[in-house]
$ cat start-v7.txt   # compact mmCIF, C-alpha atoms
# COMPACT_ATOMS: atom_id res chain seq x y z
CA MET A 1 95.97 69.48 93.37
CA THR A 2 98.41 66.90 92.04
CA THR A 3 96.92 64.15 89.89
CA ARG A 4 98.29 60.73 90.80
CA GLU A 5 98.86 58.03 88.19
CA SER A 6 96.45 55.69 90.01
CA GLU A 7 93.68 58.28 89.68
CA LEU A 8 93.80 58.15 85.86
CA SER A 9 91.77 55.47 84.10
CA THR A 10 93.59 53.05 81.75
CA LYS A 11 91.33 54.13 78.92
CA GLU A 12 92.28 57.74 79.54
CA THR A 13 96.03 57.08 79.39
CA ALA A 14 96.13 54.57 76.53
CA ASP A 15 93.64 55.99 74.03
CA PRO A 16 95.55 55.92 70.70
CA LYS A 17 93.22 58.53 69.20
CA ASN A 18 94.29 61.06 71.81
CA TRP A 19 97.04 63.19 70.21
CA THR A 20 98.61 63.90 73.59
CA ASN A 21 99.01 60.15 74.16
CA ARG A 22 100.48 59.70 70.70
CA LEU A 23 102.89 62.61 71.23
CA ARG A 24 103.92 61.22 74.64
CA GLY A 25 104.50 57.78 73.14
CA TRP A 26 106.59 59.31 70.35
CA LEU A 27 108.67 61.34 72.79
CA GLU A 28 109.20 58.35 75.08
CA GLY A 29 110.28 56.22 72.12
CA LEU A 30 112.84 58.70 70.77
CA VAL A 31 115.69 57.05 72.69
CA PRO A 32 115.82 53.62 74.35
CA LYS A 33 115.02 53.66 78.04
CA GLY A 34 118.00 54.81 80.14
CA GLN A 35 119.95 56.05 77.11
CA ALA A 36 118.96 59.73 77.24
CA LEU A 37 121.78 60.58 79.65
CA PRO A 38 123.81 57.38 80.12
CA ASP A 39 126.55 57.32 82.76
CA ARG A 40 128.38 54.41 81.11
CA GLN A 41 129.77 53.91 77.64
CA PRO A 42 131.38 50.98 75.76
CA VAL A 43 135.08 50.57 76.53
CA TYR A 44 136.16 51.75 73.05
CA VAL A 45 134.77 55.21 73.83
CA ALA A 46 137.77 55.72 76.17
CA SER A 47 139.70 57.60 73.46
CA TRP A 48 140.33 61.31 72.98
CA ILE A 49 138.84 61.17 69.48
CA TYR A 50 135.42 60.49 71.04
CA VAL A 51 135.67 63.68 73.12
CA PHE A 52 135.42 66.13 70.22
CA GLY A 53 131.66 65.78 69.74
CA VAL A 54 130.93 66.89 73.29
CA LEU A 55 133.63 69.59 73.05
CA THR A 56 131.78 70.96 70.00
CA LEU A 57 128.52 70.89 71.95
CA THR A 58 130.15 72.66 74.92
CA SER A 59 131.52 75.37 72.62
CA LEU A 60 128.04 75.81 71.15
CA VAL A 61 126.64 76.43 74.64
CA VAL A 62 129.25 79.19 75.18
CA VAL A 63 128.51 80.62 71.71
CA ILE A 64 124.78 80.84 72.45
CA ALA A 65 125.27 82.20 75.98
CA SER A 66 127.73 84.91 74.87
CA GLY A 67 125.47 85.74 71.90
CA CYS A 68 122.56 86.25 74.30
CA VAL A 69 124.69 88.66 76.37
CA LEU A 70 125.72 90.55 73.20
CA SER A 71 122.07 90.91 72.18
CA LEU A 72 121.32 92.59 75.52
CA GLY A 73 123.57 95.56 74.74
CA GLY A 74 123.69 95.54 70.96
CA ALA A 75 126.36 96.86 68.58
CA ALA A 76 126.56 100.25 70.28
CA TRP A 77 127.67 98.41 73.42
CA TRP A 78 130.03 95.71 72.13
CA HIS A 79 132.04 98.23 70.08
CA VAL A 80 132.61 100.85 72.76
CA SER A 81 132.77 99.26 76.22
CA SER A 82 135.58 97.06 77.51
CA LEU A 83 133.06 94.53 78.87
CA GLY A 84 131.38 94.56 75.47
CA HIS A 85 134.75 93.90 73.79
CA TYR A 86 135.36 91.04 76.21
CA VAL A 87 131.98 89.37 75.56
CA ASN A 88 132.43 89.95 71.82
CA SER A 89 135.80 88.19 72.02
CA ILE A 90 134.27 85.30 74.00
CA HIS A 91 131.65 84.97 71.24
CA LEU A 92 134.30 85.00 68.48
CA TRP A 93 136.73 82.59 70.12
CA SER A 94 134.03 80.13 71.21
CA VAL A 95 132.96 80.05 67.55
CA GLU A 96 136.58 79.43 66.51
CA LEU A 97 136.78 76.53 68.99
CA PHE A 98 133.31 75.29 67.92
CA PHE A 99 134.46 74.97 64.30
CA GLY A 100 137.89 73.60 65.22
CA PHE A 101 136.40 70.88 67.43
CA MET A 102 133.67 70.16 64.88
CA VAL A 103 136.21 69.64 62.08
CA VAL A 104 138.30 67.23 64.19
CA HIS A 105 135.02 65.46 65.14
CA LEU A 106 134.15 65.28 61.41
CA TRP A 107 137.58 63.85 60.49
CA GLY A 108 137.34 61.26 63.28
CA LYS A 109 133.85 60.17 62.25
CA PHE A 110 134.74 60.13 58.54
CA TRP A 111 137.75 57.86 59.00
CA MET A 112 135.81 55.48 61.24
CA ALA A 113 132.92 55.41 58.70
CA ALA A 114 130.48 56.54 61.38
CA TRP A 115 127.45 56.00 59.13
CA ARG A 116 127.70 52.23 59.74
CA GLY A 117 124.99 50.37 61.69
CA LYS A 118 121.93 52.36 60.55
CA ARG A 119 123.64 55.64 61.50
CA ALA A 120 123.23 57.27 58.06
CA LEU A 121 120.78 59.90 59.35
CA THR A 122 123.16 60.74 62.21
CA TRP A 123 125.90 61.39 59.63
CA ILE A 124 123.54 63.38 57.35
CA THR A 125 122.26 65.62 60.17
CA GLY A 126 125.90 66.27 61.15
CA VAL A 127 126.83 67.28 57.60
CA VAL A 128 123.78 69.56 57.23
CA LEU A 129 124.51 71.01 60.68
CA PHE A 130 128.05 71.82 59.54
CA GLY A 131 126.63 73.70 56.52
CA VAL A 132 124.03 75.61 58.55
CA SER A 133 126.72 76.48 61.12
CA ILE A 134 128.86 78.00 58.34
CA GLY A 135 125.85 80.10 57.27
CA THR A 136 125.30 81.21 60.87
CA SER A 137 128.95 82.19 61.20
CA PHE A 138 128.85 84.04 57.86
CA THR A 139 125.83 86.12 58.88
CA GLY A 140 127.59 86.76 62.21
CA PHE A 141 130.55 88.32 60.42
CA LEU A 142 128.04 90.39 58.41
CA SER A 143 126.43 91.56 61.68
CA GLN A 144 129.58 93.00 63.24
CA SER A 145 128.51 96.52 62.16
CA ASN A 146 132.02 97.61 61.18
CA PHE A 147 134.16 97.95 58.03
CA SER A 148 134.97 94.23 58.11
CA ALA A 149 131.24 93.41 57.83
CA GLN A 150 130.87 95.87 54.93
CA TRP A 151 133.83 94.34 53.10
CA ILE A 152 132.59 90.76 53.61
CA GLY A 153 129.10 91.80 52.43
CA ALA A 154 130.46 93.49 49.32
CA GLU A 155 132.64 90.48 48.49
CA GLY A 156 129.97 87.91 49.37
CA LYS A 157 127.10 89.41 47.36
CA ASP A 158 128.52 88.17 44.05
CA GLY A 159 128.77 84.63 45.35
CA ILE A 160 125.20 84.69 46.69
CA ASN A 161 123.92 86.28 43.47
CA SER A 162 125.69 83.64 41.38
CA ILE A 163 123.55 80.91 42.98
CA GLY A 164 120.38 82.97 42.47
CA ALA A 165 119.67 83.59 46.16
CA GLY A 166 120.53 87.30 46.27
CA ALA A 167 116.95 88.41 45.63
CA PHE A 168 115.74 87.15 49.01
CA PHE A 169 119.03 86.74 50.90
CA ASN A 170 120.71 90.14 50.58
CA VAL A 171 124.09 90.14 52.31
CA LEU A 172 124.27 93.92 51.92
CA ASN A 173 121.19 94.29 54.14
CA PRO A 174 122.61 94.29 57.71
CA GLY A 175 119.14 94.22 59.34
CA GLN A 176 118.15 91.07 57.45
CA MET A 177 121.52 89.42 58.10
CA LEU A 178 121.34 90.20 61.84
CA LEU A 179 117.88 88.63 62.10
CA TRP A 180 118.99 85.53 60.19
CA HIS A 181 122.00 85.35 62.52
CA VAL A 182 120.13 85.69 65.81
CA VAL A 183 116.81 83.97 65.01
CA LEU A 184 116.46 81.74 61.96
CA LEU A 185 119.88 80.13 61.67
CA PRO A 186 120.40 79.51 65.44
CA LEU A 187 116.96 77.88 65.42
CA GLY A 188 118.16 75.62 62.61
CA VAL A 189 121.43 74.86 64.40
CA GLY A 190 119.56 74.15 67.66
CA LEU A 191 117.02 71.80 66.06
CA LEU A 192 119.64 69.95 64.02
CA THR A 193 121.87 69.61 67.11
CA LEU A 194 118.92 68.16 69.04
CA MET A 195 118.19 65.72 66.20
CA HIS A 196 121.87 64.77 65.95
CA ILE A 197 122.17 64.09 69.70
CA ILE A 198 118.89 62.11 69.81
CA LEU A 199 120.12 59.97 66.90
CA VAL A 200 123.47 59.38 68.62
CA ARG A 201 121.67 58.34 71.81
CA ARG A 202 119.21 56.23 69.80
CA HIS A 203 121.81 54.22 67.87
CA GLY A 204 124.71 54.50 70.32
CA VAL A 205 128.26 55.69 69.70
CA VAL A 206 129.76 54.10 66.59
CA PRO A 207 132.40 51.44 67.38
CA PRO A 208 135.86 51.64 65.78
CA LEU A 209 136.24 49.65 62.53
CA ASP A 210 138.52 47.00 64.09
CA ALA A 211 136.14 46.55 67.06
CA GLU A 212 133.30 45.71 64.66
CA LEU A 213 135.45 43.27 62.68
CA GLU A 214 136.47 41.49 65.89
CA GLY A 215 132.86 41.38 67.05
CA MET B 216 141.63 98.75 70.84
CA SER B 217 140.48 101.97 69.19
CA ALA B 218 138.55 102.13 65.94
CA LEU B 219 141.57 103.79 64.29
CA SER B 220 143.86 100.88 65.08
CA ILE B 221 141.36 98.46 63.44
CA VAL B 222 141.45 100.51 60.23
CA ALA B 223 145.22 100.80 60.37
CA GLU B 224 145.81 97.04 60.66
CA GLY B 225 148.14 95.85 57.92
CA PRO B 226 147.26 93.11 55.43
CA GLY B 227 147.82 89.53 56.55
CA LYS B 228 150.76 87.47 55.34
CA TYR B 229 149.92 85.07 52.54
CA ILE B 230 151.60 82.00 51.13
CA HIS B 231 151.39 81.48 47.36
CA TRP B 232 151.91 77.99 45.97
CA GLY B 233 150.76 77.69 42.37
CA VAL B 234 146.99 78.19 42.32
CA ILE B 235 146.85 77.88 46.11
CA GLN B 236 146.86 81.07 48.14
CA ILE B 237 146.35 80.88 51.90
CA SER B 238 147.00 83.21 54.80
CA VAL B 239 149.61 82.16 57.35
CA ALA B 240 146.95 82.42 60.09
CA ASN B 241 144.58 79.99 58.30
CA LEU B 242 147.42 77.61 57.49
CA ALA B 243 148.49 77.65 61.16
CA ILE B 244 144.93 76.85 62.29
CA ILE B 245 144.70 73.94 59.84
CA GLY B 246 148.10 72.71 61.11
CA VAL B 247 146.94 72.89 64.73
CA MET B 248 143.74 70.97 63.88
CA ILE B 249 145.72 68.22 62.12
CA LEU B 250 148.08 68.04 65.11
CA LEU B 251 145.09 67.87 67.48
CA PHE B 252 143.58 65.06 65.39
CA ILE B 253 146.81 63.02 65.46
CA LEU B 254 147.23 63.60 69.21
CA ALA B 255 143.62 62.52 69.82
CA LEU B 256 144.42 59.21 68.12
CA VAL B 257 147.75 58.45 69.80
CA VAL B 258 147.60 59.99 73.28
CA PRO B 259 146.26 57.42 75.76
CA PHE B 260 142.97 58.32 77.43
CA PRO B 261 143.29 58.62 81.23
CA SER B 262 141.66 55.79 83.10
CA HIS B 263 140.87 56.17 86.79
CA ASP B 264 139.87 52.64 87.54
CA GLU B 265 140.80 49.73 85.27
CA GLN B 266 138.38 47.44 87.07
CA ALA B 267 135.52 49.84 86.38
CA ASP B 268 136.61 50.12 82.74
CA GLU B 269 136.55 46.34 82.38
CA GLU B 270 133.07 46.25 83.86
CA ARG B 271 131.96 48.88 81.35
CA GLY B 272 133.41 46.81 78.51
CA HIS B 273 131.61 43.68 79.62
CA SER B 274 128.36 45.47 80.34
CA ARG B 275 127.65 45.91 76.61
$ encode --input "start-v7.txt" --output "structure tokens"
Amino acid sequence: MTTRESELSTKETADPKNWTNRLRGWLEGLVPKGQALPDRQPVYVASWIYVFGVLTLTSLVVVIASGCVLSLGGAAWWHVSSLGHYVNSIHLWSVELFFGFMVVHLWGKFWMAAWRGKRALTWITGVVLFGVSIGTSFTGFLSQSNFSAQWIGAEGKDGINSIGAGAFFNVLNPGQMLLWHVVLLPLGVGLLTLMHIILVRRHGVVPPLDAELEG
Amino acid sequence: MSALSIVAEGPGKYIHWGVIQISVANLAIIGVMILLFILALVVPFPSHDEQADEERGHSR
């Protein structure tokens, strides 16, 4: 039976001690009303430079989808079947586009000082996301299960050891690298992307420098 | 592509300029990204309806 809003008592819905109420209030307050998926943007957003954020996000969707398909068959599949090769290539090239679009997005936001107007956390989450994405890509190259992965692991171990992380992050351990690549790091990328998008929707798209001066 | 052809791939072409050493492929990708960045700044964004655009500008 569906519970109607009118059937709930005011006390039941507004009790601040109820953690469900508090969580609902927090979720509802994450972005201003109507800004979660806006269909209109300020006029200055009509520029190609503002497109690269969503292009990065679109590439990420393809990366995750193709990665899910690869995980269905595993290395024994993507190395030997033509469909596996195709999906593997989709995964690689969507990552290439992801990073290419993200770097152009980064340049655009850097030169328009996108941290203005209380957007510092938006900028910081973007920078951290860039770093975590590089780590995800690195563990992906280590998970190819071929000679290239072995070579990258052998070359990379000295760098990881030099920062003292080799004891618990062993790039020569393909099982550990695969799990970091398909579980831990994508989780980090996903959460940071969510945070980044919520912050963009919360504070709005940054105006160009000249637009702010005119305003 | 067979496994043998992957092993037999030759080394990439590199450009050496003082302490800088970069593969031609990486340099080309950086060049394309810079070109894309410049184009994104100068190429006009298509607008379907100027009236609607004006309304959007005034709605904020």
$ atom_distance --input "start-v7.txt" --atom1 "atom CA of Leu97 of chain A" --atom2 "atom CA of Ser59 of chain A"
6.5 Å
$ closest_residue --input "start-v7.txt" --among "A:Phe101, A:Trp19, A:Trp151, A:Trp111" --to "chain B" --atoms "all atoms listed in the file"
A:Phe101
$ residues_around --input "start-v7.txt" --residues "Leu191 of chain A" --least-positions-apart "5" --cutoff "12 Å" --atoms "only C-alpha atoms" --output "ChimeraX atom specification"
/A:125-126,128-129,132-133,184-186,196-198
$ atom_distance --input "start-v7.txt" --atom1 "atom CA of Trp180 of chain A" --atom2 "atom CA of Gln144 of chain A"
13.3 Å
$ closest_residue --input "start-v7.txt" --among "A:Ser143, A:Asn170, A:Arg22, A:Ile134" --to "Gly156 of chain A" --atoms "all atoms listed in the file"
A:Asn170
$ atom_distance --input "start-v7.txt" --atom1 "atom CA of Thr139 of chain A" --atom2 "atom CA of Ala65 of chain A"
17.6 Å
$ closest_atom_pairs --input "start-v7.txt" --of "chain A" --to "chain B" --cutoff "9 Å" --atoms "all atoms listed in the file" --output "Markdown table"
| residue | atom | partner | partner_atom | distance |
| --- | --- | --- | --- | --- |
| A:Arg40 | CA | B:Arg271 | CA | 6.6 |
| A:Gln41 | CA | B:Arg271 | CA | 6.6 |
| A:Pro42 | CA | B:Gly272 | CA | 5.4 |
| A:Val43 | CA | B:Gly272 | CA | 4.6 |
| A:Tyr44 | CA | B:Gly272 | CA | 7.9 |
| A:Ala46 | CA | B:Phe260 | CA | 5.9 |
| A:Ser47 | CA | B:Phe260 | CA | 5.2 |
| A:Trp48 | CA | B:Ala255 | CA | 4.7 |
| A:Ile49 | CA | B:Ala255 | CA | 5.0 |
| A:Tyr50 | CA | B:Ala255 | CA | 8.5 |
| A:Val51 | CA | B:Ala255 | CA | 8.7 |
| A:Phe52 | CA | B:Ala255 | CA | 9.0 |
| A:His79 | CA | B:Ala218 | CA | 8.6 |
| A:Val80 | CA | B:Ser217 | CA | 8.7 |
| A:His85 | CA | B:Met216 | CA | 8.9 |
| A:Gly100 | CA | B:Met248 | CA | 6.6 |
| A:Phe101 | CA | B:Met248 | CA | 8.2 |
| A:Val103 | CA | B:Met248 | CA | 7.9 |
| A:Val104 | CA | B:Phe252 | CA | 5.8 |
| A:His105 | CA | B:Phe252 | CA | 8.6 |
| A:Trp107 | CA | B:Phe252 | CA | 7.8 |
| A:Gly108 | CA | B:Phe252 | CA | 7.6 |
| A:Phe147 | CA | B:Val222 | CA | 8.0 |
$ axis_aligned_box --input "start-v7.txt" --around "segment 248-258 of chain B" --padding-each-side "4 Å" --output "AutoDock Vina command-line options"
--center_x 145.8 --center_y 64.7 --center_z 67.7 --size_x 12.5 --size_y 20.5 --size_z 19.2
$ decode --input "start-v7.txt" --residues "segment 232-267 of chain B" --atoms "N, CA and C atoms" --output "PDB file, in the first residue's frame"
ATOM      1  N   TRP B 232      65.755  17.144 -27.282  1.00  0.00           N
ATOM      2  CA  TRP B 232      66.020  18.589 -27.296  1.00  0.00           C
ATOM      3  C   TRP B 232      66.581  18.962 -25.926  1.00  0.00           C
ATOM      4  N   GLY B 233      67.915  18.929 -25.839  1.00  0.00           N
ATOM      5  CA  GLY B 233      68.568  19.163 -24.549  1.00  0.00           C
ATOM      6  C   GLY B 233      68.165  18.080 -23.562  1.00  0.00           C
ATOM      7  N   VAL B 234      67.644  18.485 -22.402  1.00  0.00           N
ATOM      8  CA  VAL B 234      67.242  17.506 -21.390  1.00  0.00           C
ATOM      9  C   VAL B 234      65.862  16.917 -21.713  1.00  0.00           C
ATOM     10  N   ILE B 235      65.183  17.522 -22.673  1.00  0.00           N
ATOM     11  CA  ILE B 235      63.819  17.057 -23.002  1.00  0.00           C
ATOM     12  C   ILE B 235      63.878  15.923 -24.016  1.00  0.00           C
ATOM     13  N   GLN B 236      63.171  14.850 -23.691  1.00  0.00           N
ATOM     14  CA  GLN B 236      63.062  13.715 -24.606  1.00  0.00           C
ATOM     15  C   GLN B 236      61.592  13.299 -24.639  1.00  0.00           C
ATOM     16  N   ILE B 237      60.992  13.335 -25.808  1.00  0.00           N
ATOM     17  CA  ILE B 237      59.561  13.039 -25.907  1.00  0.00           C
ATOM     18  C   ILE B 237      59.303  12.261 -27.197  1.00  0.00           C
ATOM     19  N   SER B 238      58.356  11.318 -27.100  1.00  0.00           N
ATOM     20  CA  SER B 238      58.035  10.548 -28.301  1.00  0.00           C
ATOM     21  C   SER B 238      57.207  11.414 -29.244  1.00  0.00           C
ATOM     22  N   VAL B 239      57.326  11.119 -30.523  1.00  0.00           N
ATOM     23  CA  VAL B 239      56.571  11.883 -31.533  1.00  0.00           C
ATOM     24  C   VAL B 239      55.070  11.746 -31.277  1.00  0.00           C
ATOM     25  N   ALA B 240      54.642  10.537 -30.860  1.00  0.00           N
ATOM     26  CA  ALA B 240      53.217  10.295 -30.596  1.00  0.00           C
ATOM     27  C   ALA B 240      52.717  11.195 -29.467  1.00  0.00           C
ATOM     28  N   ASN B 241      53.469  11.290 -28.361  1.00  0.00           N
ATOM     29  CA  ASN B 241      53.049  12.124 -27.236  1.00  0.00           C
ATOM     30  C   ASN B 241      53.057  13.599 -27.605  1.00  0.00           C
ATOM     31  N   LEU B 242      54.080  14.001 -28.378  1.00  0.00           N
ATOM     32  CA  LEU B 242      54.165  15.394 -28.812  1.00  0.00           C
ATOM     33  C   LEU B 242      52.972  15.741 -29.708  1.00  0.00           C
ATOM     34  N   ALA B 243      52.599  14.802 -30.582  1.00  0.00           N
ATOM     35  CA  ALA B 243      51.446  15.028 -31.476  1.00  0.00           C
ATOM     36  C   ALA B 243      50.165  15.172 -30.671  1.00  0.00           C
ATOM     37  N   ILE B 244      50.008  14.353 -29.634  1.00  0.00           N
ATOM     38  CA  ILE B 244      48.789  14.425 -28.794  1.00  0.00           C
ATOM     39  C   ILE B 244      48.722  15.763 -28.070  1.00  0.00           C
ATOM     40  N   ILE B 245      49.873  16.216 -27.545  1.00  0.00           N
ATOM     41  CA  ILE B 245      49.910  17.517 -26.862  1.00  0.00           C
ATOM     42  C   ILE B 245      49.554  18.624 -27.854  1.00  0.00           C
ATOM     43  N   GLY B 246      50.103  18.511 -29.084  1.00  0.00           N
ATOM     44  CA  GLY B 246      49.808  19.499 -30.130  1.00  0.00           C
ATOM     45  C   GLY B 246      48.321  19.542 -30.463  1.00  0.00           C
ATOM     46  N   VAL B 247      47.705  18.370 -30.567  1.00  0.00           N
ATOM     47  CA  VAL B 247      46.274  18.301 -30.883  1.00  0.00           C
ATOM     48  C   VAL B 247      45.453  18.916 -29.751  1.00  0.00           C
ATOM     49  N   MET B 248      45.863  18.664 -28.493  1.00  0.00           N
ATOM     50  CA  MET B 248      45.124  19.227 -27.353  1.00  0.00           C
ATOM     51  C   MET B 248      45.221  20.752 -27.335  1.00  0.00           C
ATOM     52  N   ILE B 249      46.424  21.280 -27.636  1.00  0.00           N
ATOM     53  CA  ILE B 249      46.592  22.739 -27.666  1.00  0.00           C
ATOM     54  C   ILE B 249      45.732  23.330 -28.788  1.00  0.00           C
ATOM     55  N   LEU B 250      45.730  22.647 -29.939  1.00  0.00           N
ATOM     56  CA  LEU B 250      44.916  23.103 -31.075  1.00  0.00           C
ATOM     57  C   LEU B 250      43.430  23.095 -30.709  1.00  0.00           C
ATOM     58  N   LEU B 251      43.016  22.020 -30.025  1.00  0.00           N
ATOM     59  CA  LEU B 251      41.615  21.879 -29.591  1.00  0.00           C
ATOM     60  C   LEU B 251      41.243  23.008 -28.623  1.00  0.00           C
ATOM     61  N   PHE B 252      42.165  23.334 -27.731  1.00  0.00           N
ATOM     62  CA  PHE B 252      41.943  24.396 -26.747  1.00  0.00           C
ATOM     63  C   PHE B 252      41.758  25.747 -27.449  1.00  0.00           C
ATOM     64  N   ILE B 253      42.638  26.025 -28.415  1.00  0.00           N
ATOM     65  CA  ILE B 253      42.552  27.303 -29.143  1.00  0.00           C
ATOM     66  C   ILE B 253      41.244  27.356 -29.940  1.00  0.00           C
ATOM     67  N   LEU B 254      40.913  26.248 -30.614  1.00  0.00           N
ATOM     68  CA  LEU B 254      39.674  26.210 -31.397  1.00  0.00           C
ATOM     69  C   LEU B 254      38.454  26.416 -30.506  1.00  0.00           C
ATOM     70  N   ALA B 255      38.484  25.828 -29.298  1.00  0.00           N
ATOM     71  CA  ALA B 255      37.352  25.956 -28.369  1.00  0.00           C
ATOM     72  C   ALA B 255      37.140  27.416 -27.965  1.00  0.00           C
ATOM     73  N   LEU B 256      38.233  28.201 -27.985  1.00  0.00           N
ATOM     74  CA  LEU B 256      38.121  29.604 -27.595  1.00  0.00           C
ATOM     75  C   LEU B 256      37.658  30.487 -28.748  1.00  0.00           C
ATOM     76  N   VAL B 257      38.054  30.141 -29.970  1.00  0.00           N
ATOM     77  CA  VAL B 257      37.787  31.059 -31.092  1.00  0.00           C
ATOM     78  C   VAL B 257      36.612  30.656 -31.982  1.00  0.00           C
ATOM     79  N   VAL B 258      36.302  29.363 -32.041  1.00  0.00           N
ATOM     80  CA  VAL B 258      35.199  28.934 -32.914  1.00  0.00           C
ATOM     81  C   VAL B 258      33.871  29.317 -32.277  1.00  0.00           C
ATOM     82  N   PRO B 259      33.013  30.038 -33.013  1.00  0.00           N
ATOM     83  CA  PRO B 259      31.728  30.442 -32.426  1.00  0.00           C
ATOM     84  C   PRO B 259      30.841  29.246 -32.114  1.00  0.00           C
ATOM     85  N   PHE B 260      30.129  29.342 -31.000  1.00  0.00           N
ATOM     86  CA  PHE B 260      29.242  28.249 -30.571  1.00  0.00           C
ATOM     87  C   PHE B 260      27.933  28.370 -31.347  1.00  0.00           C
ATOM     88  N   PRO B 261      27.425  27.281 -31.929  1.00  0.00           N
ATOM     89  CA  PRO B 261      26.186  27.376 -32.708  1.00  0.00           C
ATOM     90  C   PRO B 261      25.007  27.784 -31.831  1.00  0.00           C
ATOM     91  N   SER B 262      24.221  28.692 -32.362  1.00  0.00           N
ATOM     92  CA  SER B 262      23.049  29.142 -31.621  1.00  0.00           C
ATOM     93  C   SER B 262      21.829  28.933 -32.490  1.00  0.00           C
ATOM     94  N   HIS B 263      20.858  28.185 -31.984  1.00  0.00           N
ATOM     95  CA  HIS B 263      19.668  27.861 -32.771  1.00  0.00           C
ATOM     96  C   HIS B 263      18.676  29.020 -32.804  1.00  0.00           C
ATOM     97  N   ASP B 264      18.578  29.692 -31.693  1.00  0.00           N
ATOM     98  CA  ASP B 264      17.524  30.694 -31.559  1.00  0.00           C
ATOM     99  C   ASP B 264      18.067  31.848 -30.724  1.00  0.00           C
ATOM    100  N   GLU B 265      18.370  32.970 -31.414  1.00  0.00           N
ATOM    101  CA  GLU B 265      18.960  34.108 -30.698  1.00  0.00           C
ATOM    102  C   GLU B 265      18.014  34.669 -29.650  1.00  0.00           C
ATOM    103  N   GLN B 266      16.726  34.635 -29.966  1.00  0.00           N
ATOM    104  CA  GLN B 266      15.728  35.134 -29.020  1.00  0.00           C
ATOM    105  C   GLN B 266      15.782  34.327 -27.724  1.00  0.00           C
ATOM    106  N   ALA B 267      15.858  33.003 -27.899  1.00  0.00           N
ATOM    107  CA  ALA B 267      15.909  32.123 -26.718  1.00  0.00           C
ATOM    108  C   ALA B 267      17.186  32.362 -25.932  1.00  0.00           C
TER     109      ALA B 267
END
